Each structure stands twice: as structure tokens, then as C-alpha cells.
>>> print(open('input35.cif').read())   # mmCIF, C-alpha atoms and all ligand atoms
data_target
#
loop_
_atom_site.label_atom_id
_atom_site.label_comp_id
_atom_site.auth_asym_id
_atom_site.auth_seq_id
_atom_site.Cartn_x
_atom_site.Cartn_y
_atom_site.Cartn_z
CA MET A 1 8.90 -14.27 -7.22
CA ILE A 2 8.45 -14.83 -3.47
CA ASN A 3 7.73 -18.50 -2.71
CA VAL A 4 5.31 -18.63 0.20
CA GLY A 5 4.56 -21.39 2.70
CA MET A 6 1.33 -20.91 4.65
CA ALA A 7 0.92 -22.16 8.23
CA GLY A 8 -2.75 -22.62 9.23
CA ILE A 9 -5.70 -22.74 6.84
CA GLY A 10 -8.58 -21.45 8.93
CA PHE A 11 -10.54 -18.23 8.38
CA MET A 12 -7.50 -16.00 7.94
CA GLY A 13 -5.45 -18.64 6.13
CA MET A 14 -8.21 -18.90 3.55
CA MET A 15 -8.45 -15.10 3.21
CA HIS A 16 -4.67 -14.84 2.70
CA TYR A 17 -4.66 -17.74 0.22
CA LEU A 18 -7.43 -16.12 -1.86
CA ALA A 19 -5.71 -12.73 -1.64
CA TYR A 20 -2.41 -14.22 -2.94
CA GLN A 21 -4.31 -15.15 -6.14
CA LYS A 22 -4.85 -11.40 -6.74
CA VAL A 23 -1.28 -10.29 -6.09
CA ARG A 24 1.75 -10.32 -8.41
CA GLY A 25 5.18 -11.24 -7.11
CA ALA A 26 4.24 -13.94 -4.58
CA LYS A 27 2.97 -17.49 -4.99
CA VAL A 28 1.76 -20.04 -2.43
CA ARG A 29 4.00 -23.10 -2.92
CA ALA A 30 3.18 -25.00 0.29
CA ILE A 31 0.58 -25.14 3.03
CA CYS A 32 0.61 -26.68 6.49
CA GLU A 33 -2.61 -27.57 8.32
CA GLN A 34 -3.37 -30.07 11.07
CA ASP A 35 -6.90 -30.77 9.79
CA PRO A 36 -6.52 -33.45 7.05
CA LYS A 37 -9.65 -32.34 5.17
CA ARG A 38 -8.52 -28.73 4.98
CA LEU A 39 -5.02 -29.89 3.99
CA ALA A 40 -6.54 -31.84 1.10
CA GLY A 41 -8.50 -28.77 -0.09
CA ASP A 42 -11.92 -29.25 1.51
CA TRP A 43 -12.41 -25.76 2.97
CA ARG A 44 -16.21 -25.95 3.22
CA THR A 45 -16.13 -25.78 7.04
CA ILE A 46 -14.35 -22.39 6.95
CA GLN A 47 -16.54 -19.34 7.51
CA GLY A 48 -15.45 -16.13 9.19
CA ASN A 49 -17.53 -13.12 10.25
CA PHE A 50 -16.93 -11.52 6.84
CA GLY A 51 -15.71 -12.61 3.41
CA PRO A 52 -16.55 -15.68 1.36
CA ARG A 53 -17.45 -19.13 2.69
CA GLY A 54 -14.84 -21.86 2.11
CA GLU A 55 -15.18 -24.12 -0.95
CA LEU A 56 -13.57 -27.24 -2.38
CA MET A 57 -10.16 -26.09 -3.59
CA ASP A 58 -7.83 -27.48 -6.23
CA LEU A 59 -4.46 -27.45 -4.46
CA SER A 60 -2.55 -29.48 -7.03
CA GLY A 61 1.07 -28.36 -7.38
CA ILE A 62 1.13 -27.09 -3.79
CA ALA A 63 3.21 -29.04 -1.23
CA LYS A 64 1.13 -30.16 1.76
CA TYR A 65 2.51 -30.62 5.26
CA ALA A 66 0.77 -31.69 8.46
CA ASP A 67 3.85 -30.78 10.49
CA LEU A 68 4.99 -27.18 10.98
CA ASP A 69 8.67 -28.15 11.26
CA GLU A 70 8.53 -29.74 7.79
CA LEU A 71 6.98 -26.59 6.32
CA ILE A 72 9.63 -24.40 7.92
CA ALA A 73 12.42 -26.71 6.67
CA ASP A 74 11.20 -26.64 3.03
CA PRO A 75 14.21 -25.18 1.16
CA GLY A 76 12.04 -23.93 -1.72
CA LEU A 77 10.30 -21.31 0.44
CA ASP A 78 11.32 -17.66 0.91
CA MET A 79 8.60 -16.64 3.36
CA ILE A 80 6.31 -18.27 5.91
CA ASP A 81 2.84 -16.75 6.24
CA ILE A 82 1.50 -17.58 9.71
CA CYS A 83 -2.27 -17.74 10.17
CA LEU A 84 -2.19 -19.94 13.27
CA PRO A 85 -3.91 -19.14 16.57
CA PRO A 86 -1.96 -16.36 18.35
CA ALA A 87 -0.48 -18.67 21.00
CA ARG A 88 1.64 -20.28 18.23
CA HIS A 89 2.84 -17.07 16.55
CA ALA A 90 6.04 -16.48 18.52
CA GLU A 91 7.53 -19.98 18.41
CA VAL A 92 6.69 -20.58 14.73
CA ALA A 93 7.86 -17.12 13.60
CA ILE A 94 11.14 -17.45 15.49
CA ALA A 95 11.78 -20.94 14.06
CA ALA A 96 11.02 -19.70 10.52
CA LEU A 97 13.29 -16.65 10.89
CA LYS A 98 16.10 -18.87 12.22
CA SER A 99 15.70 -21.16 9.21
CA GLY A 100 16.37 -18.17 6.94
CA LYS A 101 12.81 -17.30 5.91
CA HIS A 102 11.03 -13.96 5.99
CA VAL A 103 7.87 -14.03 8.10
CA PHE A 104 4.47 -12.51 7.54
CA CYS A 105 2.33 -13.28 10.61
CA GLU A 106 -1.26 -12.45 11.48
CA LYS A 107 -2.02 -10.06 14.35
CA PRO A 108 -1.55 -9.93 17.29
CA ILE A 109 2.22 -10.36 16.97
CA ALA A 110 2.10 -12.51 20.15
CA LEU A 111 0.18 -12.93 23.39
CA LYS A 112 3.06 -11.76 25.64
CA ALA A 113 4.95 -8.47 25.29
CA ALA A 114 8.26 -10.31 25.82
CA ASP A 115 7.50 -12.66 22.90
CA GLY A 116 6.81 -9.69 20.62
CA LYS A 117 10.21 -8.25 21.56
CA ARG A 118 11.93 -11.62 20.99
CA MET A 119 10.39 -11.96 17.53
CA VAL A 120 11.60 -8.50 16.48
CA GLU A 121 15.06 -9.17 17.94
CA THR A 122 15.31 -12.56 16.17
CA ALA A 123 14.39 -11.00 12.82
CA ARG A 124 17.14 -8.39 13.35
CA GLN A 125 19.72 -11.02 14.29
CA CYS A 126 18.79 -13.26 11.34
CA GLY A 127 18.70 -10.37 8.85
CA LYS A 128 15.16 -11.37 7.80
CA LEU A 129 11.94 -9.35 7.59
CA LEU A 130 9.18 -9.76 10.16
CA MET A 131 5.85 -8.31 9.03
CA ILE A 132 2.63 -8.45 11.04
CA GLY A 133 -0.79 -8.53 9.40
CA HIS A 134 -2.25 -5.29 10.72
CA VAL A 135 -4.67 -4.98 7.83
CA LEU A 136 -6.71 -2.02 9.15
CA PRO A 137 -4.66 0.68 7.32
CA PHE A 138 -5.53 -1.13 4.07
CA PHE A 139 -9.30 -0.91 4.64
CA PRO A 140 -10.51 2.01 2.48
CA GLU A 141 -11.91 4.04 5.42
CA PHE A 142 -8.72 3.78 7.44
CA ASN A 143 -6.48 4.05 4.39
CA PHE A 144 -8.13 7.39 3.63
CA ALA A 145 -7.47 8.57 7.20
CA TYR A 146 -3.88 7.26 7.23
CA LYS A 147 -3.04 9.00 3.97
CA ALA A 148 -4.73 12.21 5.13
CA ILE A 149 -2.65 12.17 8.32
CA ILE A 150 0.75 11.32 6.87
CA GLY A 151 0.22 13.19 3.58
CA GLY A 152 -0.33 16.52 5.35
CA LYS A 153 -3.10 17.64 2.94
CA TYR A 154 -5.21 18.95 5.85
CA GLY A 155 -2.35 20.14 8.05
CA LYS A 156 -1.09 18.79 11.34
CA LEU A 157 -2.84 16.05 13.31
CA ARG A 158 -4.43 17.42 16.49
CA GLY A 159 -6.17 14.32 17.83
CA GLY A 160 -8.65 11.53 17.35
CA HIS A 161 -11.17 9.19 18.91
CA PHE A 162 -11.29 5.51 17.97
CA LYS A 163 -13.97 2.94 18.86
CA ARG A 164 -14.11 -0.85 18.31
CA ILE A 165 -16.75 -2.79 20.26
CA ILE A 166 -18.42 -6.17 19.78
CA ALA A 167 -21.29 -8.03 21.42
CA ASP A 168 -19.98 -10.48 24.02
CA PRO A 169 -18.88 -13.46 21.89
CA ALA A 170 -20.23 -16.15 24.22
CA TRP A 171 -19.76 -18.73 21.42
CA LEU A 172 -15.96 -18.21 21.54
CA PRO A 173 -14.97 -20.03 24.75
CA ASP A 174 -11.31 -18.94 24.54
CA PHE A 175 -12.00 -15.27 23.87
CA PHE A 176 -11.17 -14.05 27.40
CA ASN A 177 -8.34 -16.57 27.90
CA PRO A 178 -5.05 -14.61 28.14
CA ASP A 179 -3.09 -17.65 26.91
CA LYS A 180 -5.28 -18.27 23.85
CA VAL A 181 -6.87 -15.05 22.52
CA GLY A 182 -6.24 -12.29 25.08
CA GLY A 183 -9.73 -10.74 25.15
CA PRO A 184 -10.93 -7.59 23.37
CA MET A 185 -7.67 -5.74 23.97
CA LEU A 186 -5.45 -8.17 22.01
CA ASP A 187 -8.04 -9.44 19.54
CA LEU A 188 -9.74 -6.16 18.61
CA HIS A 189 -8.32 -2.98 20.10
CA ILE A 190 -4.82 -3.92 18.91
CA HIS A 191 -5.98 -2.79 15.44
CA ASP A 192 -6.60 0.72 16.80
CA ALA A 193 -3.49 0.64 19.02
CA HIS A 194 -1.47 -0.12 15.88
CA PHE A 195 -3.25 2.61 13.90
CA ILE A 196 -2.59 5.13 16.69
CA ARG A 197 1.09 4.08 16.93
CA LEU A 198 1.38 4.27 13.14
CA SER A 199 -0.27 7.63 12.62
CA CYS A 200 0.37 9.49 15.91
CA GLY A 201 3.71 8.03 17.12
CA MET A 202 4.42 6.28 20.42
CA PRO A 203 2.62 7.82 23.41
CA ARG A 204 4.63 8.54 26.53
CA GLN A 205 1.82 7.53 28.88
CA VAL A 206 -1.62 5.89 28.87
CA GLN A 207 -4.48 6.45 31.26
CA SER A 208 -7.26 3.85 31.10
CA VAL A 209 -10.42 3.08 33.01
CA GLY A 210 -12.35 -0.12 32.50
CA THR A 211 -13.61 -3.40 33.83
CA MET A 212 -11.74 -6.70 33.98
CA ARG A 213 -13.00 -10.19 33.24
CA GLY A 214 -10.52 -12.52 34.86
CA ASP A 215 -7.06 -11.45 33.73
CA VAL A 216 -8.09 -9.43 30.69
CA VAL A 217 -9.90 -6.15 30.13
CA GLU A 218 -13.60 -6.47 29.32
CA ARG A 219 -14.40 -2.85 28.32
CA PHE A 220 -12.24 0.25 28.56
CA SER A 221 -11.60 3.82 27.63
CA THR A 222 -8.03 5.10 27.21
CA GLN A 223 -6.42 8.51 26.93
CA PHE A 224 -3.08 8.37 25.07
CA LEU A 225 -0.68 11.10 26.20
CA PHE A 226 2.05 12.30 23.83
CA ASP A 227 5.04 14.62 24.17
CA ASP A 228 2.92 17.19 22.30
CA PRO A 229 0.24 18.12 24.87
CA GLY A 230 -1.98 19.43 22.06
CA LEU A 231 -2.34 15.97 20.52
CA ILE A 232 -5.48 14.55 22.15
CA VAL A 233 -6.10 10.88 21.34
CA THR A 234 -8.57 8.50 22.97
CA ALA A 235 -9.86 5.00 22.24
CA ALA A 236 -12.72 2.88 23.55
CA GLY A 237 -13.14 -0.84 23.11
CA GLY A 238 -14.41 -4.10 24.52
CA VAL A 239 -17.61 -6.08 24.65
CA THR A 240 -21.22 -5.21 25.46
CA ALA A 241 -23.65 -7.56 27.20
CA GLN A 242 -26.38 -7.07 24.57
CA GLN A 243 -26.28 -9.03 21.31
CA GLY A 244 -28.14 -6.75 18.86
CA ARG A 245 -25.02 -5.03 17.51
CA PRO A 246 -22.33 -7.65 16.83
CA PHE A 247 -19.71 -5.13 15.69
CA THR A 248 -19.00 -1.45 15.52
CA HIS A 249 -15.92 0.54 14.64
CA ALA A 250 -15.55 4.25 14.23
CA TYR A 251 -13.26 7.25 14.29
CA GLU A 252 -13.24 11.02 14.49
CA ILE A 253 -9.89 12.46 13.50
CA TYR A 254 -9.01 16.11 14.02
CA LEU A 255 -6.55 17.76 11.67
CA GLU A 256 -5.76 21.50 11.54
CA GLY A 257 -7.80 21.92 8.36
CA ALA A 258 -10.33 19.09 8.49
CA THR A 259 -12.28 16.73 10.70
CA LEU A 260 -12.65 13.15 9.40
CA LEU A 261 -15.69 11.12 10.41
CA PHE A 262 -16.47 7.43 10.00
CA ASP A 263 -18.84 5.18 11.97
CA TYR A 264 -20.08 1.69 11.12
CA ALA A 265 -22.34 -0.48 13.26
CA GLY A 266 -23.59 -3.91 12.18
CA LEU A 267 -27.25 -4.10 13.30
CA PRO A 268 -28.65 -7.23 11.59
CA LYS A 269 -32.18 -6.91 13.00
CA VAL A 270 -32.82 -3.28 12.01
CA GLY A 271 -30.28 -2.61 9.25
CA ASP A 272 -26.67 -1.47 9.59
CA ALA A 273 -25.90 2.11 10.62
CA LEU A 274 -23.21 3.89 8.67
CA THR A 275 -21.64 7.31 8.56
CA PRO A 276 -19.42 6.87 5.48
CA VAL A 277 -16.07 8.65 5.51
CA THR A 278 -16.96 12.34 5.68
CA VAL A 279 -14.64 15.35 5.70
CA LEU A 280 -15.66 18.57 7.47
CA LEU A 281 -13.76 21.52 6.01
CA GLU A 282 -13.41 25.27 6.52
CA LYS A 283 -16.47 27.52 6.05
CA GLY A 284 -18.93 24.69 6.63
CA LYS A 285 -17.91 22.73 3.53
CA VAL A 286 -18.59 18.99 3.84
CA GLU A 287 -17.22 16.32 1.47
CA ARG A 288 -17.91 12.61 1.01
CA PRO A 289 -14.80 11.25 -0.75
CA LYS A 290 -15.19 8.22 -2.99
CA ILE A 291 -13.11 5.60 -1.23
CA GLY A 292 -14.25 2.34 -2.83
CA GLY A 293 -14.86 -0.75 -0.73
CA GLY A 294 -17.27 -3.66 -0.69
CA ASP A 295 -14.70 -6.31 -1.69
CA ALA A 296 -13.74 -8.23 1.47
CA LEU A 297 -10.53 -9.55 -0.11
CA ALA A 298 -9.26 -6.21 -1.45
CA PRO A 299 -7.70 -4.96 1.84
CA PHE A 300 -5.88 -8.30 2.23
CA ALA A 301 -4.63 -8.12 -1.36
CA ALA A 302 -3.41 -4.55 -0.72
CA GLU A 303 -1.72 -5.74 2.47
CA LEU A 304 0.01 -8.57 0.55
CA ALA A 305 1.13 -6.11 -2.14
CA GLU A 306 2.86 -4.20 0.67
CA VAL A 307 4.46 -7.47 1.87
CA VAL A 308 5.74 -8.13 -1.67
CA ARG A 309 7.14 -4.56 -1.88
CA SER A 310 8.87 -4.94 1.45
CA VAL A 311 10.47 -8.31 0.62
CA SER A 312 11.39 -7.29 -2.94
CA ASN A 313 13.16 -4.15 -1.65
CA ASP A 314 14.48 -5.98 1.43
CA THR A 315 13.23 -3.05 3.51
CA PRO A 316 10.94 -3.09 6.56
CA SER A 317 7.42 -1.97 5.68
CA PRO A 318 6.48 1.41 7.23
CA ILE A 319 3.02 -0.08 8.00
CA LEU A 320 3.52 -3.80 8.66
CA SER A 321 6.90 -3.81 10.44
CA GLY A 322 7.33 -6.03 13.47
CA ASP A 323 8.51 -3.00 15.46
CA LEU A 324 5.13 -1.25 15.12
CA ALA A 325 3.24 -4.45 15.98
CA ARG A 326 5.46 -5.00 19.04
CA ASP A 327 4.72 -1.42 20.15
CA ALA A 328 0.96 -1.92 19.59
CA LEU A 329 1.07 -5.03 21.77
CA ALA A 330 3.07 -3.17 24.43
CA LEU A 331 0.44 -0.39 24.41
CA CYS A 332 -2.36 -2.93 24.97
CA PHE A 333 -0.53 -4.32 28.02
CA LYS A 334 0.18 -0.82 29.40
CA GLN A 335 -3.52 0.04 28.96
CA THR A 336 -4.45 -3.15 30.83
CA GLU A 337 -1.97 -2.26 33.59
CA SER A 338 -3.55 1.19 33.86
CA VAL A 339 -7.06 -0.32 34.21
CA ARG A 340 -5.78 -2.68 36.92
CA LYS A 341 -3.90 0.00 38.88
CA GLY A 342 -6.51 2.72 38.38
CA LYS A 343 -3.80 5.24 37.48
CA PRO A 344 -1.75 6.43 34.49
CA VAL A 345 1.11 4.19 33.32
CA LYS A 346 4.33 5.40 31.70
CA ILE A 347 5.35 3.93 28.34
CA ARG A 348 8.84 5.43 28.21
N1 LIG B 1 -6.73 -9.33 10.45
C1 LIG B 1 -7.97 -9.71 10.73
O1 LIG B 1 -8.93 -9.05 10.40
C2 LIG B 1 -8.16 -11.02 11.46
C3 LIG B 1 -9.43 -11.60 11.54
C4 LIG B 1 -9.55 -12.84 12.16
C5 LIG B 1 -8.44 -13.46 12.70
N2 LIG B 1 -7.22 -12.83 12.64
C6 LIG B 1 -6.03 -13.47 13.22
O2 LIG B 1 -5.63 -14.58 12.41
C7 LIG B 1 -5.08 -15.62 13.21
C8 LIG B 1 -5.83 -16.92 12.92
O3 LIG B 1 -7.19 -16.72 13.23
P1 LIG B 1 -8.33 -17.58 12.48
O4 LIG B 1 -9.61 -16.89 12.79
O5 LIG B 1 -7.95 -17.79 11.06
O6 LIG B 1 -8.23 -18.94 13.28
P2 LIG B 1 -8.80 -20.37 12.84
O7 LIG B 1 -8.96 -21.14 14.09
O8 LIG B 1 -9.96 -20.19 11.91
O9 LIG B 1 -7.60 -21.00 11.98
C9 LIG B 1 -6.43 -21.49 12.53
C10 LIG B 1 -6.02 -22.72 11.73
O10 LIG B 1 -4.74 -23.16 12.20
C11 LIG B 1 -4.76 -24.58 12.25
N3 LIG B 1 -3.74 -25.04 13.20
C12 LIG B 1 -3.70 -24.83 14.54
N4 LIG B 1 -2.58 -25.40 15.07
C13 LIG B 1 -1.91 -25.96 14.04
C14 LIG B 1 -0.69 -26.69 13.96
N5 LIG B 1 0.05 -26.95 15.04
N6 LIG B 1 -0.30 -27.13 12.74
C15 LIG B 1 -1.05 -26.89 11.63
N7 LIG B 1 -2.21 -26.20 11.66
C16 LIG B 1 -2.64 -25.74 12.84
C17 LIG B 1 -6.17 -24.93 12.70
O11 LIG B 1 -6.50 -26.26 12.39
C18 LIG B 1 -6.99 -23.90 11.91
O12 LIG B 1 -7.39 -24.41 10.65
C19 LIG B 1 -5.20 -15.15 14.66
O13 LIG B 1 -3.97 -14.60 15.06
C20 LIG B 1 -6.27 -14.07 14.61
O14 LIG B 1 -6.11 -13.05 15.60
C21 LIG B 1 -7.06 -11.65 12.01
#
>>> encode(input="input35.cif", output="C-alpha cells")
Amino acid sequence: MINVGMAGIGFMGMMHYLAYQKVRGAKVRAICEQDPKRLAGDWRTIQGNFGPRGELMDLSGIAKYADLDELIADPGLDMIDICLPPARHAEVAIAALKSGKHVFCEKPIALKAADGKRMVETARQCGKLLMIGHVLPFFPEFNFAYKAIIGGKYGKLRGGHFKRIIADPAWLPDFFNPDKVGGPMLDLHIHDAHFIRLSCGMPRQVQSVGTMRGDVVERFSTQFLFDDPGLIVTAAGGVTAQQGRPFTHAYEIYLEGATLLFDYAGLPKVGDALTPVTVLLEKGKVERPKIGGGDALAPFAAELAEVVRSVSNDTPSPILSGDLARDALALCFKQTESVRKGKPVKIR
């Protein structure tokens, strides 16, 4: 049994806590939260942009800390699950690793590329696992694509387009602050950067165009260049000025024997637009695989099951490893550099 201490009970902390209830092999033994009401179990003020609304929780039997150092020092814990704002990820993860705990931390790994590297290096030095909550590959649509790519059922990967765009979140004052959230690149596109790194490998160069808002990218389009010149991968992301479509994400993925399509746009005023996962095959055949979905907690439970597997086998997860998350963060910064310079930027 993995004894878990959770740092931060906001939107993601609540989602992780609820997901732990669905997973075998890990149990939340302690929580740390600076808000006294949330620490005592009153989660009614918690509401994210998906998933359930917070309720009054019975947290009896769970140790409660208002101080992160006390949580990290708790000798009964094997792993610290960090759901704090990103500016706290690096320092808390490094302290937890140094105190002999495994770490599972929400994305982005950190707000600075150097911090991401330090976290991975500290985990290596301490002989502990660092896992980052890149949950996208556990969402049914992306899980289907990931398995299709790595499983080889449709032959070799030849390219893909990825899109993740939101309406300008004017109600989030820190969204474009590089020291607090990092803008659309680090908050949103990092999901696609991680998926691209995971399923296509590390590019050798990125070429981006876009607009800046202060120090962070506002909207962009990137071409990822790989050693294999036949692998054509692009991504678009950022914010739009209009509010009618709060969120959209989509992909087209080209394999030798199939094209995979998926496109979702939240359009509250006129009804959501959806192209469910669709597979275009040889001779005009078109399939709509049954991929499940509809349960907001299920991807997080699947992600936690992967965390449990990784810790139980004491082996870095092929999906959630700190190395991949560090690379995804590095890609986001190289893409930003390319927008700023108006020319391609080398990765390696
Ligand atoms: N994977 C996803 O789909 C997804 C979605 C949303 C957010 N996230 C990530 O999850 C992380 C948290 O985001 P969120 O939306 O849950 O934020 P949030 O603001 O809702 O929650 C953060 C919580 O941490 C607490 N906190 C802050 N500093 C603290 C301290 N020093 N000690 C104790 N508690 C402290 C706050 O009181 C708050 O309850 C971010 O890294 C974010 O990028 C991931």
C-alpha cells in the first residue's frame, strides 16, 4: 500500500483525492492545505471547469497539516502528491524527494526549464520516483491515439496536427504571469507538447510563429522538426479574443495505414461541436471505435493506477516520468524563443 500525503486541496487536489478512492494500492493518509475550511473538509468552494463540485467531506482518520514542511516530514508517508500552484512545484517536490518520498506532481513540472531539470536530477540523486500529472494520454480520445501510435496496428507514424485553444480567461488575473501560470503555453499547450514528446520522440528543432502578451506567448503555431524529415508534426494553441467557445482541443494523426480524427469544441450558447474519434482506413472504410468516456474522474483514476504501478515496480513510468515532463517544458520554452526571435530554434 502506498501511503500518500496530498499538498494543496483546490480543484486538482479534489480531483486527485476523489480519484484515489477508485484506485487500489494507494491511500491518502494526510493532506496539507492553507485554507482552514478546506483542511477541515469543507470543499464546497471548489469548482473547476469540469468534474464535480466540492462537497462537505468526512476526512476523519486523515492527518491534517497547514504547513508543507510538516507534511513532507511525516514519516508515515511514501509519496507526496503535489496539487499546488505551479510556482510551488519545484521547491516542494525537491524537499519531498530529499526527505525520501516519491513525488507525483501536477503539470506543468515547473515554471522554469532549469527547475524542471533540477527536479529530475534530484529524483535521480535521491533514488526516488518523480512523476508528473500529464493526464491527457489517459483521456479516452488521446489514449486511443497513443495506443494506436505505439502499438503499431496502423503502421508507422507519419505526422499529426494538434490544437488546444481557449477563450481569453480574463477572470484569471495570473494567467499571463510567467511567474504564476505561464500563459497558454505552460498551462495548456504543455499537454500537447508532452503528447508529442511521448508519441513522436524529441524534435531536433521547432519553428513557431505567434503573438506575445508581455513575456508569454498569446497564440501560436509550431512546426516540430524531427530527424526523420517525413514526420510532419504541427501544433496550434493559445487564446482567442471572443468568448463564445471557452475550450477546444483536437487532433489529426497520420499513420501509414490510418488517419485518426478527433475534434471537440465547447460552445455553450449553440451546443458543443464534436467529431468523435474516427479512423479513416484503406479503400474508403471509416470506423468509429467505442472508446468510452463521460466520467470526469476516470482519466485521473487511470493516471493514478499508472502511478501505483510505477511505485510498486520502482520503475519510472513510460508516460508520467519526470524526464518527459521536463522535455515538454523545454519544448514550450523553445517554441516561445522561436516566436520571439522569428526564426527556428534548435533543441539539440
Ligand atoms: N491536469 C489537468 O487537467 C489540470 C487542470 C487544472 C489544473 N491543473 C494543475 O494543477 C495544479 C493546481 O491547480 P488548481 O487548479 O487545483 O489550483 P487551485 O488554486 O484550485 O488549488 C491550489 C490549492 O493549493 C493551496 N495552497 C497554495 N499554497 C499553499 C501552501 N503554501 N500550503 C498549503 N496549501 C497551499 C490553495 O489554498 C489551493 O486550495 C496546477 O499546477 C495546475 O496547472 C491540472
>>> residues_near_ligand(input="input35.cif", ligand="ligand LIG 1 (chain B)", cutoff="6 Å", atoms="all atoms listed in the file", output="PyMOL selection string")
chain A and resi 8-13+32-35+67-68+83-86+106-108+135+187
>>> closest_residue(input="input35.cif", among="A:His89, A:His134, A:Lys269, A:Lys101", to="Ala302 (chain A)", atoms="all atoms listed in the file")
A:His134
>>> atom_distance(input="input35.cif", atom1="CA of His16 (chain A)", atom2="CA of Leu59 (chain A)")
14.5 Å
>>> closest_residue(input="input35.cif", among="A:Leu225, A:Ala30, A:Leu129, A:Thr45", to="Gly61 (chain A)", atoms="all atoms listed in the file")
A:Ala30
>>> residues_around(input="input35.cif", residues="Arg204 (chain A)", least_positions_apart="4", cutoff="10 Å", atoms="only C-alpha atoms", output="VMD selection string")
chain A and resid 224 to 228 345 to 348
>>> residues_near_point(input="input35.cif", point="(-6.5, -0.2, 17.2)", cutoff="12 Å", atoms="all atoms listed in the file", output="PyMOL selection string")
chain A and resi 107-108+134-137+142+160-165+184-200+222+233-238+249-251+324-325+327-329+331-332
>>> axis_aligned_box(input="input35.cif", around="region 335-344 of chain A", padding_each_side="6 Å", output="AutoDock Vina command-line options")
--center_x -4.4 --center_y 1.6 --center_z 33.9 --size_x 17.3 --size_y 21.6 --size_z 21.9
>>> closest_residue(input="input35.cif", among="A:Thr122, A:Thr211, A:Asn143, A:Gln243", to="Asp168 (chain A)", atoms="only C-alpha atoms")
A:Gln243
>>> atom_distance(input="input35.cif", atom1="CA of Asn49 (chain A)", atom2="CA of Phe139 (chain A)")
15.8 Å
>>> atom_distance(input="input35.cif", atom1="CA of Tyr154 (chain A)", atom2="CA of Gln207 (chain A)")
28.3 Å
>>> residues_around(input="input35.cif", residues="Leu304 (chain A)", least_positions_apart="5", cutoff="10 Å", atoms="all atoms listed in the file", output="list in words")
His16, Ala19, Tyr20, Lys22, Val23, Arg24, Gly25, Ala26, Phe104, Gly133, Val135, Phe138, Ala298, Pro299, Arg309 and Ser310 of chain A
>>> closest_residue(input="input35.cif", among="A:Ala63, A:Leu274, A:Val206, A:Ala40", to="Phe333 (chain A)", atoms="all atoms listed in the file")
A:Val206
>>> closest_residue(input="input35.cif", among="A:Ile94, A:Leu18, A:Met6, A:Val28", to="Cys126 (chain A)", atoms="all atoms listed in the file")
A:Ile94
>>> closest_residue(input="input35.cif", among="A:Lys112, A:Gly284, A:Ala301, A:Val308", to="Arg88 (chain A)", atoms="all atoms listed in the file")
A:Lys112
>>> residues_near_point(input="input35.cif", point="(-13.8, 17.9, 3.8)", cutoff="10 Å", atoms="all atoms listed in the file", output="list in words")
Tyr154, Gly257, Ala258, Thr259, Leu260, Leu261, Val277, Thr278, Val279, Leu280, Leu281, Glu282, Gly284, Lys285, Val286, Glu287, Arg288 and Pro289 of chain A
>>> residues_around(input="input35.cif", residues="Asp42 (chain A)", least_positions_apart="3", cutoff="6 Å", atoms="all atoms listed in the file", output="list in words")
Lys37, Arg38 and Leu56 of chain A
>>> residues_around(input="input35.cif", residues="Ala273 (chain A)", least_positions_apart="3", cutoff="10 Å", atoms="only C-alpha atoms", output="ChimeraX atom specification")
/A:245,248,263-268,270,276
>>> write_last_selection(input="input35.cif", atoms="C-alpha atoms", output="mmCIF file, keeping the file's coordinate frame")
data_model
loop_
_atom_site.group_PDB
_atom_site.id
_atom_site.type_symbol
_atom_site.label_atom_id
_atom_site.label_comp_id
_atom_site.auth_asym_id
_atom_site.auth_seq_id
_atom_site.Cartn_x
_atom_site.Cartn_y
_atom_site.Cartn_z
ATOM 1 C CA ARG A 245 -25.020 -5.030 17.510
ATOM 2 C CA THR A 248 -19.000 -1.450 15.520
ATOM 3 C CA ASP A 263 -18.840 5.180 11.970
ATOM 4 C CA TYR A 264 -20.080 1.690 11.120
ATOM 5 C CA ALA A 265 -22.340 -0.480 13.260
ATOM 6 C CA GLY A 266 -23.590 -3.910 12.180
ATOM 7 C CA LEU A 267 -27.250 -4.100 13.300
ATOM 8 C CA PRO A 268 -28.650 -7.230 11.590
ATOM 9 C CA VAL A 270 -32.820 -3.280 12.010
ATOM 10 C CA PRO A 276 -19.420 6.870 5.480
#
